[in-house]
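A short write-up of the structure that comes next.
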Amino acid sequence: MTLTGRAALLAALGSLPVGIWDPSWTGILAVNAPIAVACACDFALAAPVRRLGLTRSGDASVRLGETANVTLTVTNPSGRLLRARLRDAWPPSSWQPGTEVAASRHRLTVPAGERRRITTRLRPTRRGDRHADRVTIRSYGPLGLFTRQGTHKVPWTVRVLPPFTSRKHLPSKLARLRELDGRTSVLTRGEGTEFDSLREYVPGDDTRSIDWRATARQTTVAVRTWRPERDRHILLVLDTGRTSAGRVGDAPRLDASMDAALLLAALASRAGDRVDLLAYDRRVRAHVQGRTARDVLPSLVNAMATLEPELIELDARGLTATALRTAPRRSLIVLLTSLDTAPVEEGLLPVLSQLTQRHTVLVASVADPHIAQMAKSRGNTEAVYDAAAAAQARSERHRTAEQLRRHGVTVVDETPDELAPALADAYLALKTAGRL
């Protein structure tokens, strides 16, 4: 080896600047040469990264708040043992805060010609589609002195669905529905209900339900039982405009509206009614129509997963026209929107009569529980001002609701936790009254 070659070697090892040579460095060269050979061997024995085969499998959807498992299969086609660290990168909202490092980084060893599976556990914090980013692999030699590193694109998408927390209210609402349907001893009758059957009169029955012709043909008094009409059409309309972006608690109003819509859809489909969905601000954001009772709930959940509030004003005229096209026959239109004074008075009220002339209209809105807390504030000047502001806000909201009721609209105005069961109760009340 020439002097220049020796100096270059030492410079590469970090022991000597290029161009300087001194005989005293001969001993250092003698020590570092084995290290250089070991490093070169370690690098040569590290399994190549670019030739690895990577495929994915696992969950393609998950409810918000639950865990999704995505499996990555790593195949080592080379003749060397793969000792590696792997980072499976996903968007930050795919994990709970502070858990990304532990969840996305893995150690693995894959013998030559074999494959191994590793599982990444996602716990998303937001609805929508989460797309896998690149997979970075760092392959080590047996001594750990040198590594090979590379990245692979391994596509996968996990759709994060609405959590449907109001599902817990469904059994109690179904029990009430069975009562309305005449399947228990509590029987109701309302205008527009369907005749079900005859049974013997018992004390306490409404005398208007006595069937005198049937009574004349037998020795006991017979009464008619009724059930709510089936195969009614319900159109759920989600306002995705700017007012739906307002946060109530830890989530936007849109999320609470979707949860209430899902409970109503589940209940109405069990009642034999047809349920469609329309999400709108200035254009259609989602539309679900013509689904069977078995498919309607999965279809609604899937359509709602990617909905986000748009920071634009709701086009009430466009919404009305679209709703009338979607519901050509008499239907129950459930509009989940805000009860803020300006959007209702300037946007909804001028076109509301177009809906109420042909359909039964129900408006559901998410109330802020913090307003009720502020209204109870006392003790100092600031608290009194807060209470006064809260009282004024509630007064304006009640006045807006009364304006809608004067147009024949049923109004449900509840906090996020109470909106879903209250909306289901309003639907059952309309069923009882025979207004569907």
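All residue names refer to the structure tokens as shown: chains lettered A, B, ... in order, residues numbered from 1 in each chain, ligands numbered from 1 in order.
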**Study point:** Shell around Leu404 of chain A at 12 Å using only C-alpha atoms, local window under 6 positions removed, as a ChimeraX atom specification
**Key:** /A:339,341,344-345,348-353,356,361-364,397-398,410-413
Dump of C-alpha atoms for the selected residues, as a compact mmCIF listing (two decimals), in the first residue's frame:
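Final output, saved to again31.txt:
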# COMPACT_ATOMS: atom_id res chain seq x y z
CA LEU A 339 -80.59 26.70 16.37
CA THR A 341 -80.72 32.79 15.42
CA VAL A 344 -82.32 29.97 11.06
CA GLU A 345 -84.00 33.33 10.49
CA LEU A 348 -84.05 28.20 6.99
CA LEU A 349 -87.29 30.08 7.81
CA PRO A 350 -87.78 31.67 4.35
CA VAL A 351 -87.79 28.23 2.68
CA LEU A 352 -89.25 26.12 5.49
CA SER A 353 -92.80 26.22 4.13
CA THR A 356 -93.70 21.56 5.73
CA VAL A 361 -90.30 18.15 9.57
CA LEU A 362 -88.28 17.59 12.73
CA VAL A 363 -85.34 19.82 13.61
CA ALA A 364 -82.73 18.47 16.06
CA ARG A 397 -82.46 29.86 21.36
CA HIS A 398 -85.94 29.29 22.83
CA THR A 410 -91.09 19.47 15.89
CA VAL A 411 -87.96 20.75 17.66
CA VAL A 412 -85.50 18.71 19.75
CA ASP A 413 -82.83 20.78 21.49
Exercise for review: Please identify which residues in segment 201-422 of chain A DSSP calls strand (DSSP E or B) from the backbone, and express them as a ChimeraX atom specification.
Suggested key: /A:210,222-227,233-239,247-248,251-252,274-280,284-288,332-336,360-366,410-414
**Study point:** Contacts of His152 of chain A at 12 Å (only C-alpha atoms; same-chain gap of 5+ positions) as a VMD selection string
**Key:** chain A and resid 49 to 56 72 74 86 to 89 132 to 138
Check your understanding: Out of segment 288-434 of chain A, which residues get alpha helix (DSSP H) from DSSP, as a ChimeraX atom specification?
Key -> /A:296-304,316-326,341-343,349-356,369-375,381-406,416-432
Please, which residues in segment 310-407 of chain A fall within 12 Å of segment 263-273 of chain A when counting only C-alpha atoms, and what is the closest atom pair and distance in Å to one decimal for each, ordered by chain then residue number, as JSON lines?
{"residue": "A:Ser331", "atom": "CA", "partner": "A:Asp273", "partner_atom": "CA", "distance": 10.3}
{"residue": "A:Leu332", "atom": "CA", "partner": "A:Asp273", "partner_atom": "CA", "distance": 10.3}
{"residue": "A:Val334", "atom": "CA", "partner": "A:Leu264", "partner_atom": "CA", "distance": 9.7}
{"residue": "A:Leu336", "atom": "CA", "partner": "A:Leu264", "partner_atom": "CA", "distance": 11.7}
{"residue": "A:Ala364", "atom": "CA", "partner": "A:Leu264", "partner_atom": "CA", "distance": 11.5}
Review point. At what distance in Å, to one decimal, does atom CA of Tyr280 of chain A lie from atom CA of Thr240 of chain A?
Key: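 Taking atom CA of Thr240 of chain A as the start and atom CA of Tyr280 of chain A as the end point, the length is 5.7 Å.
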Exercise for review: May I ask for the distance between atom CA of Thr157 of chain A and atom CA of Ser61 of chain A, given in Å to one decimal place?
Suggested key: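 Calculated distance between atom CA of Thr157 of chain A and atom CA of Ser61 of chain A is 8.2 Å.
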Point to revise | Point-to-point distance in Å for atom CA of Thr306 of chain A and atom CA of Pro92 of chain A | key: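 Separation of atom CA of Pro92 of chain A and atom CA of Thr306 of chain A: 17.0 Å.
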Review point. Looking at only C-alpha atoms, which of A:His131, A:Ser104, A:Leu297, A:Pro171 is the one that sits closest to Lys153 of chain A?
Key: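 Smallest distance to Lys153 of chain A is found for A:His131.
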**Study point:** Best match for closeness to Leu170 of chain A among A:Ala260, A:Val101, A:Leu335, A:Ala33, counting only C-alpha atoms
**Key:**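 Using only C-alpha atoms, the shortest distance to Leu170 of chain A belongs to A:Ala260.
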Check your understanding: Which one is closest to Thr400 of chain A: A:Ala372, A:Ala222, A:Ala426, A:Ala342? Count only C-alpha atoms.
Key ->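 Answer, going by the shortest atom-to-atom distance: A:Ala342.
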Practice item. Tell me, as a PyMOL selection string, which residues lie within 10 Å of segment 283-287 of chain A, counting only C-alpha atoms; anything in the same chain fewer than 4 positions away does not count. Key: chain A and resi 236-240+276-279+299-300+303-304+306-308+310+314-315+318-319+322+326
Check your understanding: Restricting the calculation to only C-alpha atoms, which member of A:Asp340, A:Asp42, A:Asp281, A:Asp255 is positioned closest to Val301 of chain A?
Key ->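 Of the candidates, the smallest distance to Val301 of chain A is held by A:Asp255.
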